[in-house]
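These notes concern the structure reproduced below.
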Amino acid sequence: MASSKKYWKSVEELDVNNPIVAKLRQNEFVEEIPTADFLGNKTDLEQSSTSRRDFLKYLGFTTAAASLAACEGPIVKSIPYVVKPEQITPGVANYYATSVADGFDFANLLVKTREGRPIKIENNTTPGSVIPANARIQASVLSLYDSGRLKEPTKDGQSIAWEDFHLDAVIKFSELMDEAGEIALLTGTLASPSTTKIIDAFKEAYVNVRHVVYDAVSESAALDAFQAVYQKRALADYDFSKADYIVSVDADFLGDWQGGGYAKGYAQTRVPKDGKMSKHIQFESNLTLSGSNADQRVPLNSSDLNRVLVKLYSAITGDAISTVETKADEIVKEVAANLKKHGSKAVVVSGIQDKNAQLLVLAINQALQSEAFDAANPKLIRQGNNAEVDQLIKDMNAGTIKALIINNVNPVYSLPNAQEFIDGLKKVDYSVVFSLRPDETTALIQYVAPLSHYLESWGDVEIKKNHFSLTQPTINPLFSSITFQDALLQWGGNETPYYDYLNEFWKTEILKGQSWNQALHDGVFVAQTTEEIKSESTASSAFDFHASANSLSKTSIEGMELKLYTKTSLGDGRQANNPWLQEMPDPITRVSWDNYVSVSVSDAKKLGLENKHVANGGLNGSYVKLTVNGKTLPKVPVIIQPGQAQGVVGLALGYGRQTGLKEELQVGVNAYALYQGFNNVQSVTIEKVGGEHEFACLQLQNTLMGRGSIIKETTLDKYNNEKPEVWNEKVQVSVDHKEVPATSVDLWTEFDRSVGHHFNLSIDLNACTGCGACVIACQAENNVPVVGKSEIRKSRDMHWLRIDRYYSSEETFKEDNEKRENFSGVWESKSGFGELEVASENPQVAFQPVMCQHCNHAPCETVCPVAATSHGKQGQNQMAYNRCVGTRYCANNCPYKVRRFNWFLYSNNDEFDYNMNDDLGKMVLNPDVVVRSRGVMEKCSLCIQKTQKTILDAKRDGRVIKDGEFQTACSNACSNGALVFGDINDKESHVAEIKESNRVYHLLEEVGTKPNVFYHVKVRNTTEV
Amino acid sequence: MKNVILRSFSLYMLLAVLMVSLVSPQFASAQEGDPVAGKQLFNSNCAACHRVNQKLVGPALVGVTQKRTKEWLQKWIRNSSDLINSGDAQAKAIFEEFNKVPMTPFPLLTDAEIDNILAYVEAPPPAPVVDTAVASTTTAPSDGGQNINQFVVAALIIVLLLLVVMLVLVRQILSKIAKANGIEITSTGRKPIWKAFAENQFLVLVTVIFLLLGSAYFAYGYLMQVGVDQGYQPIQPIHYSHKIHAGANQIDCNYCHSSARTSKTSGIPSLNVCMNCHKSISEYKGETTAEYSKAFYDGEIQKLYKAVGWDAEVQQYSGETQPVEWVRVHNLPDFAYFNHSQHVTVGGVACQTCHGPVQEMEIMSQFSPLTMGWCINCHRQTEVKMDNNPYYEKIHEELSKKYGLEKPTVAEMGGLECAKCHY
């Protein structure tokens, strides 16, 4: 039955005459559709010759053409040399020994080049090498390919020819000579014998020349002290491998203290040998790398540190000085006694930026007759003079400096009184700067000369007295750049190219008959000297240390202290445009892409500062305002740092660069503004300000929560006196109601791996100082992309190798383990685990490098649906990128969390505007390793490209492989010897030998993965309470 | 018949050569030298720097006997610098003219030999005729094998045709006999075959399945060849003929692709390698075809000179170079690692195994598919060359002891593992 029901849409429809109803009935859309606007002017449309039909034709044709064109493969061009250089074989790497001396970092290196491009920095292990490469030097090869580098000389921002550039300089200098105007040379520490001679010649040519050495991060106090005692502006060298008892009063000697490079010697004594290892006591304010590695660490503020040093001095030398009590008096007394006991096998170092403190260090080491202390062959890699820099700025403002030549320093950025410098600069008639990159200083200077990178230049450096090193170019200059020496030679009227000059200089002054080619091949040369320097130290005995000690004991700071330091990643900030370094996590806080104020837990509580983990997995922190002597940093993020001394906050220098940097890399705040009087300790006022900072922190879990099987550790005492089963306990499981070792139970059948090579990587937790050189070496070797701050915050970091840092929740890790084991009942464990998540105020710290463990029974391999990851006969867990479809099952199933997923295409992508999105930056890529694309999993391959290369070379040459030939990027970069790689089927090899050590354990052994990476139990030289 | 004609032709040519060689001594004796012997001497001693009609490192030599006395020439050839030092004006002039490059002394050449060379220089024997004759005689026998095959096929076809014809004939005869005997052959009103087929559902089903499977097979085959560039033969900026260099002139592959022995890449030779020979070879003298004439080849050599910046007139490099943008023929994807030295030096694999008969290729083309299956197959079949390689000693001993593997293949040595090629 048909229904006559009528449905009303609105009340208005009841009224038949309502106009709206009629209108609605006719119009489909209530509002008028603006078709006229879409199609535009009707006349225009009519005039157009393209009809709709034509349009469709074109569309169809282009689609068809595009799809047809896609069927064609791309045409690859191959362009050989016209004349091939004899040394270069395409596809074969060449190595050149060289050295770096950029004013902050000095090291002896081996540079790997491919087809004429330097692509990797390695350590020069020739005897005579002094300093190995740290993370910054490992990364410096990327700074060579920085497309933001200066490309041509400029005058007032306009490009100028080199001839005119030199002519202008020479004319100006000659004029000044007539007018008796002063020329100032402002350089960083050069430590280059040949450059010193060139500067002397320049001084002679223009008479009124002043050379001022300026280190952005000053070691002036130590230099002044050494000069006062030994009449030479240098730094005492320390060989920690000769010390059994190491006391450091605020010296981060595993970091950048006095130019760094001490970790190698230190690590040698840290591995227990014949039941012995060195003991290391650290008094310090910030938690540093050295403090983290110390057996005993005492956090103190600077006033207390001064007093500790005075007390030590007083106890060792017997020079009685009254000092105020400190909270560490007990420990100091014990340490002093031990120092005396160890005598010449003990050493004391200090990083206190106070001449008196540094004098006391010299006095103490003299009194101890420390074998580790070397004043005869001092280090020459810091020569800055604060007083001279201050004088220069004064004279500039007074108008007496008429010309200023700046080389490879950035005073406008790094001077605390930069404004005074800028004002003074306005009164200088002629200014020229040599710089690698545009920066704050080049922006204000008349003449800007692009400086050649050290990989493009000749040079020499005397890192340590009588230890000479050569720098040789490994690539032609990429831009129209010059070396400082070439320019000075030219201005001094010497037309010889610097290379010829250097060659001649070395032959006559340094080599004295030895072969230049050999020296260049080795990169280092140790002069056999007959002159005796020790004699000078006789004068030192008369030196009045008592007064220094007295005045030091009275030096103190009221209120909160700010302790400025440099980070392992960025140093003094000269490589701020290097994305590898920006993304390298700080070894202690594991925060990348930032600097921050580190505040102790109790101070944070007092000031109401907090760190919290937010829902997206990131770490957020409060902001504070820092004021030092009227200078203010308005908004500095806060990290609450376990181990930070109460009343002291830390802040890293080297951040906050702006000029000439890519926007993504302009991170952090410039702490140099607070570095007043070149003193790294300042009195500061802290005030909380609003807002939250988003950190890019790679590790949010700070403690092990008593899970002792991840980092196993014991004390030297136990290690020596008890069975390995006690301190290197193997996890047991129950099989047929019998306890058996977990590793004896297995689901899988074992392959025979005894034929051929079987690679193992050994990691000694005693030798690892956490410096992070391996992280960057791995990144450079394996084309690991940079993902940027926001991605890091999402835990999408791509580093194949990470160094985990753990704090103990109780005083020691041992107490953590005990606490966890002794939980009684569920309730206590619930609250107890919560407590274990929080690090102690002054925790023990442990570092653990973790990369793919290359499990022989790998959980990742069994779950891959496409068999993209599989196991090789040589023990490597292999990842076939081109087979991977990106299900990420493997990453989920990996107990070590070492697999990395390419969430995006990181190369050729404007969203990730780092080195892989840049034609020049791509030149650093290793041609033997593929650049991974989006949607595939990647991970450590145990540098299979390197092991394969070694095998292939041996097969080709028809020889047996010697031990030590197999290397990974990380083991190669580790100068400490913490990472040892090799073939365990070669029974003679070092790795096979140390695999037999009773300290060996595997990470999460109980899971039964049978990894090919093994660790050594960390032994601490502590006595148990 | 054709062969016979060809042979008789070549016989005739040989005769002609003999005639020439018989005549020439007489001709030569008039010049007091034997140009045939002279040619050999010239090629082994002089040709690196001299041409008869063309200036090279040294001057063009034709007409030299008119310009200089025989004694002078003998002295010059034996030791030119002595002559220059003795203050001879002519000698000095020529030394100055040719950039003060002293001529290599030949003190061991006898007077007769020098005479022979001079005789050749003044009247070179008509050599090219011999070349073609020899070429044609040598090519003739090589066709023999193919001819036999063709003959067998032709014979088989003829036999088959005969059989068909016989069948038809037999059928005709049989029907005739049947007619003659009065037997009527009734053609039953059978359905046409296509109709019967269409009505048989089973057959239709089977056919459809076969068609689907067949098309799937071909579709798969088509898809799998996408990106496989077997036979890829791009046009290169300089027409470089491997046939002439590796084939006719027998130059070893490794002479130009020297890095194949030591590096992962075989290396495209840099132009200075080309100039090792082409400094003195500025024109083509080999076989030509209608497509590739002598002028064409000479033009290509000129392209090389232009690229490397060689001025053939003054025999000097101008320094203006234009690197050659070759089109890469063999392209492996970035994610596949291939190392030439492992295959060439360690494995002792001949270049032709993968690159095909390069010595016959006028234009280089990709011979192998370069697919992973192709690599794997070879790795499965190829035994590792372990003899006399100390690297393998221990491994081989253990393998044979443990597994009785005397001659392991590449696959058995781990040559199929993903990360041996993909990293």
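If you're wondering about the labels, chains in the structure tokens are A, B, ... by order shown, residues count from 1 in each chain, ligands from 1 in order shown.
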
Please identify every residue of chain A that has at least one atom no more than 8 Å from any atom of chain B, counting only C-alpha atoms, and report them as a PDB file with C-alpha atoms, in the first residue's frame.
```pdb
ATOM      1  CA  CYS A  71      61.215   2.067 -19.007  1.00  0.00           C
ATOM      2  CA  GLY A  73      67.441   2.893 -17.863  1.00  0.00           C
ATOM      3  CA  ILE A  75      72.594   6.568 -19.028  1.00  0.00           C
ATOM      4  CA  VAL A  76      75.593   6.438 -16.757  1.00  0.00           C
ATOM      5  CA  LYS A  77      78.608   8.430 -17.817  1.00  0.00           C
ATOM      6  CA  SER A  78      82.059   7.316 -16.879  1.00  0.00           C
ATOM      7  CA  ILE A  79      84.835   9.837 -17.171  1.00  0.00           C
ATOM      8  CA  PRO A  80      88.406   8.610 -16.763  1.00  0.00           C
ATOM      9  CA  TYR A  81      91.417  10.758 -16.052  1.00  0.00           C
ATOM     10  CA  VAL A  82      93.070  12.340 -19.063  1.00  0.00           C
ATOM     11  CA  VAL A  83      96.409  11.677 -17.439  1.00  0.00           C
ATOM     12  CA  LYS A  84      96.123   9.336 -14.482  1.00  0.00           C
ATOM     13  CA  THR A  89      94.298   3.354  -8.904  1.00  0.00           C
ATOM     14  CA  PRO A  90      90.560   3.881  -9.021  1.00  0.00           C
ATOM     15  CA  GLY A  91      88.975   1.675  -6.390  1.00  0.00           C
ATOM     16  CA  VAL A  92      92.084   1.390  -4.214  1.00  0.00           C
ATOM     17  CA  VAL A 755      87.273 -23.419   9.209  1.00  0.00           C
ATOM     18  CA  GLY A 756      88.192 -20.057   7.740  1.00  0.00           C
ATOM     19  CA  SER A 870      71.155 -13.845   7.683  1.00  0.00           C
ATOM     20  CA  HIS A 871      74.307 -15.228   9.187  1.00  0.00           C
ATOM     21  CA  GLY A 872      77.662 -15.576   7.539  1.00  0.00           C
ATOM     22  CA  LYS A 873      80.172 -18.334   8.098  1.00  0.00           C
ATOM     23  CA  GLN A 878      74.459  -9.828   7.563  1.00  0.00           C
ATOM     24  CA  MET A 879      71.908  -7.306   6.444  1.00  0.00           C
ATOM     25  CA  ALA A 880      70.920  -7.240   2.775  1.00  0.00           C
ATOM     26  CA  TYR A 881      69.392  -3.788   2.377  1.00  0.00           C
ATOM     27  CA  ASN A 882      68.071  -4.446  -1.082  1.00  0.00           C
ATOM     28  CA  ASP A 928      82.507   0.777  -0.599  1.00  0.00           C
ATOM     29  CA  VAL A 929      79.377   1.100   1.526  1.00  0.00           C
ATOM     30  CA  VAL A 930      75.955   1.656   0.029  1.00  0.00           C
ATOM     31  CA  SER A 941      77.988  -4.995   9.863  1.00  0.00           C
ATOM     32  CA  ILE A 944      82.333  -6.301   6.538  1.00  0.00           C
ATOM     33  CA  GLN A 945      83.664  -4.053   3.803  1.00  0.00           C
ATOM     34  CA  GLN A 948      86.378  -8.481   3.048  1.00  0.00           C
ATOM     35  CA  LEU A 952      90.580 -10.149  -0.784  1.00  0.00           C
ATOM     36  CA  ALA A 954      95.519 -11.405   1.076  1.00  0.00           C
ATOM     37  CA  LYS A 955      94.095 -13.787  -1.525  1.00  0.00           C
ATOM     38  CA  ARG A 956      95.328 -11.564  -4.309  1.00  0.00           C
ATOM     39  CA  GLY A 958      98.786 -14.970  -2.000  1.00  0.00           C
ATOM     40  CA  ARG A 959      99.678 -14.674   1.664  1.00  0.00           C
ATOM     41  CA  VAL A 960      98.397 -15.539   5.099  1.00  0.00           C
ATOM     42  CA  ILE A 961      96.676 -12.764   7.016  1.00  0.00           C
TER      43      ILE A 961
END
```

List the neighbours of Leu108 (chain B) out to 10 Å using only C-alpha atoms; skip same-chain residues closer than 3 positions along the sequence, and give me the result as a PyMOL selection string.
chain B and resi 77-78+105+111+113

Using only C-alpha atoms, the shortest atom-to-atom distance to Gly299 (chain B) among B:Ile281, B:Ile84, B:Tyr255, B:His239 belongs to B:His239

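Taking CA of Ser370 (chain A) and CA of Val349 (chain A) as the two end points, the separation is 11.2 Å.
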
Once DSSP has gone over the backbone, tell me which residues of region 157-387 of chain B are in helix (DSSP H, G or I), as a ChimeraX atom specification.
/B:157-181,193-199,201-224,242-248,253-256,258-261,271-278,294-308,340-346,351-355,358-360,372-381

Prev. selection, C-alpha atoms, output as a tab-separated table (two decimals), in the first residue's frame:
```tsv
chain	number	residue	atom	x	y	z
B	157	ILE	CA	64.41	-30.62	-45.24
B	158	ILE	CA	64.62	-32.15	-48.69
B	159	VAL	CA	63.96	-35.62	-47.29
B	160	LEU	CA	60.96	-34.32	-45.39
B	161	LEU	CA	59.60	-32.57	-48.47
B	162	LEU	CA	60.05	-35.79	-50.43
B	163	LEU	CA	58.13	-37.69	-47.79
B	164	VAL	CA	55.25	-35.19	-47.96
B	165	VAL	CA	55.17	-35.40	-51.72
B	166	MET	CA	55.22	-39.20	-51.57
B	167	LEU	CA	52.35	-39.24	-49.08
B	168	VAL	CA	50.24	-37.07	-51.33
B	169	LEU	CA	51.07	-39.21	-54.31
B	170	VAL	CA	50.28	-42.44	-52.47
B	171	ARG	CA	46.94	-41.04	-51.38
B	172	GLN	CA	46.09	-40.01	-54.93
B	173	ILE	CA	47.06	-43.40	-56.29
B	174	LEU	CA	45.07	-45.20	-53.58
B	175	SER	CA	41.94	-43.13	-54.31
B	176	LYS	CA	42.39	-43.77	-57.99
B	177	ILE	CA	42.63	-47.52	-57.32
B	178	ALA	CA	39.58	-47.30	-55.12
B	179	LYS	CA	37.67	-45.50	-57.85
B	180	ALA	CA	38.82	-48.03	-60.37
B	181	ASN	CA	37.63	-50.82	-58.10
B	193	ILE	CA	36.83	-29.31	-35.63
B	194	TRP	CA	36.50	-25.88	-34.02
B	195	LYS	CA	32.88	-26.54	-33.22
B	196	ALA	CA	33.68	-29.86	-31.63
B	197	PHE	CA	36.35	-28.14	-29.62
B	198	ALA	CA	34.08	-25.37	-28.46
B	199	GLU	CA	31.49	-27.88	-27.33
B	201	GLN	CA	34.03	-28.05	-22.05
B	202	PHE	CA	36.90	-30.02	-20.70
B	203	LEU	CA	39.12	-29.13	-23.59
B	204	VAL	CA	38.15	-25.48	-23.34
B	205	LEU	CA	39.00	-25.48	-19.66
B	206	VAL	CA	42.36	-27.11	-20.25
B	207	THR	CA	43.14	-24.68	-23.06
B	208	VAL	CA	42.19	-21.68	-20.98
B	209	ILE	CA	44.40	-22.91	-18.15
B	210	PHE	CA	47.24	-23.42	-20.56
B	211	LEU	CA	46.72	-20.01	-22.09
B	212	LEU	CA	46.65	-18.37	-18.67
B	213	LEU	CA	49.74	-20.23	-17.53
B	214	GLY	CA	51.45	-19.41	-20.79
B	215	SER	CA	50.67	-15.73	-20.61
B	216	ALA	CA	51.72	-15.65	-16.97
B	217	TYR	CA	54.97	-17.26	-18.01
B	218	PHE	CA	55.62	-14.67	-20.64
B	219	ALA	CA	54.48	-11.79	-18.45
B	220	TYR	CA	56.84	-12.96	-15.73
B	221	GLY	CA	59.60	-13.31	-18.25
B	222	TYR	CA	58.94	-9.81	-19.50
B	223	LEU	CA	58.94	-8.34	-16.02
B	224	MET	CA	62.11	-10.13	-15.05
B	242	HIS	CA	87.78	-3.57	-29.34
B	243	LYS	CA	87.86	-5.68	-32.48
B	244	ILE	CA	90.81	-3.75	-33.82
B	245	HIS	CA	92.68	-3.42	-30.52
B	246	ALA	CA	92.03	-6.70	-28.74
B	247	GLY	CA	91.22	-8.70	-31.86
B	248	ALA	CA	93.42	-7.71	-34.76
B	253	CYS	CA	92.94	-6.61	-21.96
B	254	ASN	CA	95.02	-5.86	-18.89
B	255	TYR	CA	97.28	-3.53	-20.80
B	256	CYS	CA	94.59	-0.88	-20.90
B	258	SER	CA	95.29	-2.46	-15.79
B	259	SER	CA	93.46	-1.89	-12.54
B	260	ALA	CA	91.39	-5.04	-13.12
B	261	ARG	CA	94.28	-6.92	-11.59
B	271	LEU	CA	93.91	8.85	-22.20
B	272	ASN	CA	97.63	8.80	-21.48
B	273	VAL	CA	97.44	5.02	-21.84
B	274	CYS	CA	95.98	5.43	-25.33
B	275	MET	CA	98.80	7.78	-26.18
B	276	ASN	CA	101.41	5.16	-25.34
B	277	CYS	CA	100.66	3.73	-28.77
B	278	HIS	CA	98.77	6.48	-30.51
B	294	LYS	CA	89.89	4.39	-43.10
B	295	ALA	CA	88.85	8.04	-43.04
B	296	PHE	CA	86.31	7.23	-40.33
B	297	TYR	CA	88.87	5.52	-38.13
B	298	ASP	CA	91.42	8.24	-38.69
B	299	GLY	CA	88.79	10.75	-37.66
B	300	GLU	CA	88.26	8.85	-34.42
B	301	ILE	CA	92.00	8.96	-33.70
B	302	GLN	CA	91.84	12.70	-34.26
B	303	LYS	CA	89.06	12.85	-31.65
B	304	LEU	CA	91.44	11.19	-29.20
B	305	TYR	CA	94.14	13.74	-30.02
B	306	LYS	CA	91.70	16.54	-29.43
B	307	ALA	CA	90.59	15.11	-26.09
B	308	VAL	CA	94.10	14.53	-24.83
B	340	HIS	CA	87.50	-7.35	-10.59
B	341	SER	CA	90.82	-8.27	-9.02
B	342	GLN	CA	89.21	-11.19	-7.17
B	343	HIS	CA	87.94	-12.68	-10.38
B	344	VAL	CA	90.84	-11.78	-12.63
B	345	THR	CA	93.85	-12.28	-10.37
B	346	VAL	CA	92.64	-14.64	-7.65
B	351	CYS	CA	87.65	-11.49	-19.16
B	352	GLN	CA	85.62	-13.13	-21.92
B	353	THR	CA	83.76	-15.35	-19.46
B	354	CYS	CA	81.65	-12.40	-18.40
B	355	HIS	CA	82.28	-9.85	-21.11
B	358	VAL	CA	85.16	-8.60	-26.78
B	359	GLN	CA	87.89	-9.09	-29.35
B	360	GLU	CA	85.16	-9.48	-31.97
B	372	MET	CA	72.10	-12.08	-9.42
B	373	GLY	CA	71.01	-15.49	-10.70
B	374	TRP	CA	73.77	-15.36	-13.26
B	375	CYS	CA	76.37	-14.55	-10.58
B	376	ILE	CA	75.08	-17.26	-8.28
B	377	ASN	CA	75.09	-19.91	-10.98
B	378	CYS	CA	78.70	-19.26	-11.70
B	379	HIS	CA	79.58	-19.28	-8.01
B	380	ARG	CA	77.86	-22.65	-7.69
B	381	GLN	CA	79.77	-24.19	-10.54
```

Using only C-alpha atoms, the residue out of A:Thr555, A:Asn976, A:Ser795, A:Ser303 with shortest distance to Thr769 (chain A) is A:Asn976

Please compute the CA of Thr812 (chain A)-CA of Tyr719 (chain A) distance, one decimal, in Å.
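Value for the CA of Thr812 (chain A)-CA of Tyr719 (chain A) distance: 16.6 Å.
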
Name the residues in contact with region 440-455 of chain A at a cut-off of 9 Å, using only C-alpha atoms, excluding same-chain residues fewer than 2 positions from it; report them as a ChimeraX atom specification.
/A:98-102,111,118,141,143-144,149-157,162,165,407-413,422,425,430-438,457-459,471-484,657-660

Excluding Ser302 (chain A) and its own-chain neighbours fewer than 5 positions away, which residues fall within 12 Å of it when counting only C-alpha atoms? Please give them as a PyMOL selection string.
chain A and resi 249-250+283-286+307-309+326+350-354+357+552-564+645-650+679-683

With N, CA and C atoms retained, export the selected residues as a CSV table (one decimal), in the first residue's frame.
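Generated output (part.csv):
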```
chain,number,residue,atom,x,y,z
A,249,VAL,N,92.8,16.9,40.5
A,249,VAL,CA,92.0,17.9,41.1
A,249,VAL,C,91.4,18.8,40.0
A,250,ASP,N,90.3,18.4,39.6
A,250,ASP,CA,89.5,19.2,38.6
A,250,ASP,C,90.2,19.2,37.3
A,283,PHE,N,88.9,14.7,42.2
A,283,PHE,CA,88.1,15.8,42.9
A,283,PHE,C,87.7,16.7,41.8
A,284,GLU,N,86.4,16.9,41.7
A,284,GLU,CA,85.9,17.8,40.6
A,284,GLU,C,84.5,18.4,40.9
A,285,SER,N,84.1,19.4,40.1
A,285,SER,CA,82.8,20.0,40.3
A,285,SER,C,81.8,19.4,39.3
A,286,ASN,N,82.1,19.5,38.0
A,286,ASN,CA,81.2,18.9,37.0
A,286,ASN,C,81.5,17.4,36.9
A,307,ARG,N,91.4,24.3,48.2
A,307,ARG,CA,91.9,23.9,49.5
A,307,ARG,C,92.4,22.4,49.5
A,308,VAL,N,91.8,21.6,48.7
A,308,VAL,CA,92.2,20.2,48.6
A,308,VAL,C,93.6,20.2,48.1
A,309,LEU,N,93.8,21.0,47.0
A,309,LEU,CA,95.2,21.0,46.4
A,309,LEU,C,96.2,21.5,47.4
A,326,THR,N,87.5,21.3,54.8
A,326,THR,CA,86.6,21.0,53.7
A,326,THR,C,85.9,19.7,54.1
A,350,SER,N,96.0,19.0,37.8
A,350,SER,CA,95.0,19.9,38.2
A,350,SER,C,94.6,20.7,37.0
A,351,GLY,N,93.3,21.0,36.9
A,351,GLY,CA,92.8,21.9,35.9
A,351,GLY,C,92.3,23.2,36.4
A,352,ILE,N,92.7,23.5,37.6
A,352,ILE,CA,92.2,24.8,38.2
A,352,ILE,C,92.9,25.9,37.4
A,353,GLN,N,92.1,26.9,36.9
A,353,GLN,CA,92.7,27.9,36.1
A,353,GLN,C,93.2,29.0,37.1
A,354,ASP,N,94.3,28.7,37.8
A,354,ASP,CA,94.8,29.7,38.7
A,354,ASP,C,96.3,29.4,38.7
A,357,ALA,N,97.6,27.5,41.7
A,357,ALA,CA,97.2,26.1,41.8
A,357,ALA,C,98.2,25.3,40.9
A,552,LEU,N,96.5,30.7,47.4
A,552,LEU,CA,95.5,29.8,46.8
A,552,LEU,C,94.5,29.4,47.9
A,553,SER,N,95.0,29.1,49.1
A,553,SER,CA,94.1,28.6,50.1
A,553,SER,C,93.1,29.7,50.5
A,554,LYS,N,93.4,30.9,50.1
A,554,LYS,CA,92.4,32.0,50.5
A,554,LYS,C,91.5,32.3,49.3
A,555,THR,N,91.8,31.7,48.1
A,555,THR,CA,91.0,32.0,46.9
A,555,THR,C,89.6,31.2,47.0
A,556,SER,N,88.6,32.0,47.0
A,556,SER,CA,87.3,31.3,47.1
A,556,SER,C,86.2,32.1,46.4
A,557,ILE,N,85.1,31.5,46.1
A,557,ILE,CA,84.0,32.2,45.4
A,557,ILE,C,82.8,32.1,46.3
A,558,GLU,N,82.1,33.2,46.4
A,558,GLU,CA,80.9,33.2,47.2
A,558,GLU,C,79.7,32.8,46.4
A,559,GLY,N,78.7,32.2,47.0
A,559,GLY,CA,77.5,31.9,46.3
A,559,GLY,C,77.6,30.8,45.3
A,560,MET,N,76.6,30.7,44.4
A,560,MET,CA,76.6,29.7,43.4
A,560,MET,C,77.8,29.9,42.4
A,561,GLU,N,78.4,28.8,41.9
A,561,GLU,CA,79.5,28.9,41.0
A,561,GLU,C,79.0,28.3,39.6
A,562,LEU,N,79.6,28.9,38.6
A,562,LEU,CA,79.4,28.4,37.3
A,562,LEU,C,80.7,27.8,36.8
A,563,LYS,N,80.7,26.6,36.4
A,563,LYS,CA,81.9,25.9,35.9
A,563,LYS,C,81.8,25.7,34.4
A,564,LEU,N,82.6,26.4,33.6
A,564,LEU,CA,82.5,26.3,32.2
A,564,LEU,C,83.5,25.2,31.7
A,645,ALA,N,78.6,18.7,41.7
A,645,ALA,CA,78.9,19.2,43.0
A,645,ALA,C,77.8,20.2,43.4
A,646,GLN,N,77.4,20.1,44.7
A,646,GLN,CA,76.4,21.1,45.1
A,646,GLN,C,76.9,22.5,45.1
A,647,GLY,N,76.1,23.4,44.7
A,647,GLY,CA,76.5,24.8,44.6
A,647,GLY,C,77.3,25.1,43.4
A,648,VAL,N,77.4,24.2,42.5
A,648,VAL,CA,78.1,24.4,41.2
A,648,VAL,C,77.2,24.0,40.1
A,649,VAL,N,77.1,24.9,39.0
A,649,VAL,CA,76.4,24.5,37.8
A,649,VAL,C,77.5,24.5,36.7
A,650,GLY,N,77.2,23.6,35.7
A,650,GLY,CA,78.2,23.5,34.6
A,650,GLY,C,77.5,24.0,33.3
A,679,ASN,N,88.4,32.9,33.0
A,679,ASN,CA,88.3,32.1,34.1
A,679,ASN,C,87.2,31.1,34.0
A,680,ASN,N,87.4,29.8,34.1
A,680,ASN,CA,86.3,28.9,33.9
A,680,ASN,C,85.4,28.7,35.1
A,681,VAL,N,85.8,29.4,36.2
A,681,VAL,CA,84.9,29.4,37.3
A,681,VAL,C,84.4,30.8,37.6
A,682,GLN,N,83.1,31.0,37.7
A,682,GLN,CA,82.5,32.3,37.8
A,682,GLN,C,81.4,32.2,38.9
A,683,SER,N,81.3,33.4,39.6
A,683,SER,CA,80.2,33.4,40.5
A,683,SER,C,78.9,33.8,39.8
```

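The shortest atom-to-atom distance to Leu1004 (chain A), with only C-alpha atoms taken into account, belongs to A:Lys712 out of A:Lys426, A:Lys830, A:Lys712, A:His990.
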
Distance query Gly231 (chain B) at most 6 Å, only C-alpha atoms, self and fewer than 4 positions along chain excluded, as an NGL selection string
:B and (365-367)

If you measure from CA of Lys355 (chain A) to CA of Thr189 (chain A), what distance in Å do you get, rounded to one decimal?
19.3 Å

Determine the nearest neighbour of Thr568 (chain A) from the options A:Arg707, A:Lys922, A:Lys635, A:Arg136, counting only C-alpha atoms.
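Going through A:Arg707, A:Lys922, A:Lys635, A:Arg136 one by one, the smallest distance to Thr568 (chain A) is for A:Arg136.
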
Which of region 676-891 of chain A DSSP labels strand (DSSP E), written as JSON, numbers by chain
{"A": [681, 682, 683, 685, 686, 687, 688, 689, 690, 691, 692, 693, 694, 695, 696, 697, 713, 714, 715, 732, 733, 734, 735, 738, 739, 740, 741, 759, 760, 761, 762, 763, 764, 802, 803, 804, 805, 806, 807, 845, 846, 847, 848, 849, 850, 869, 870, 871, 877, 878, 879]}
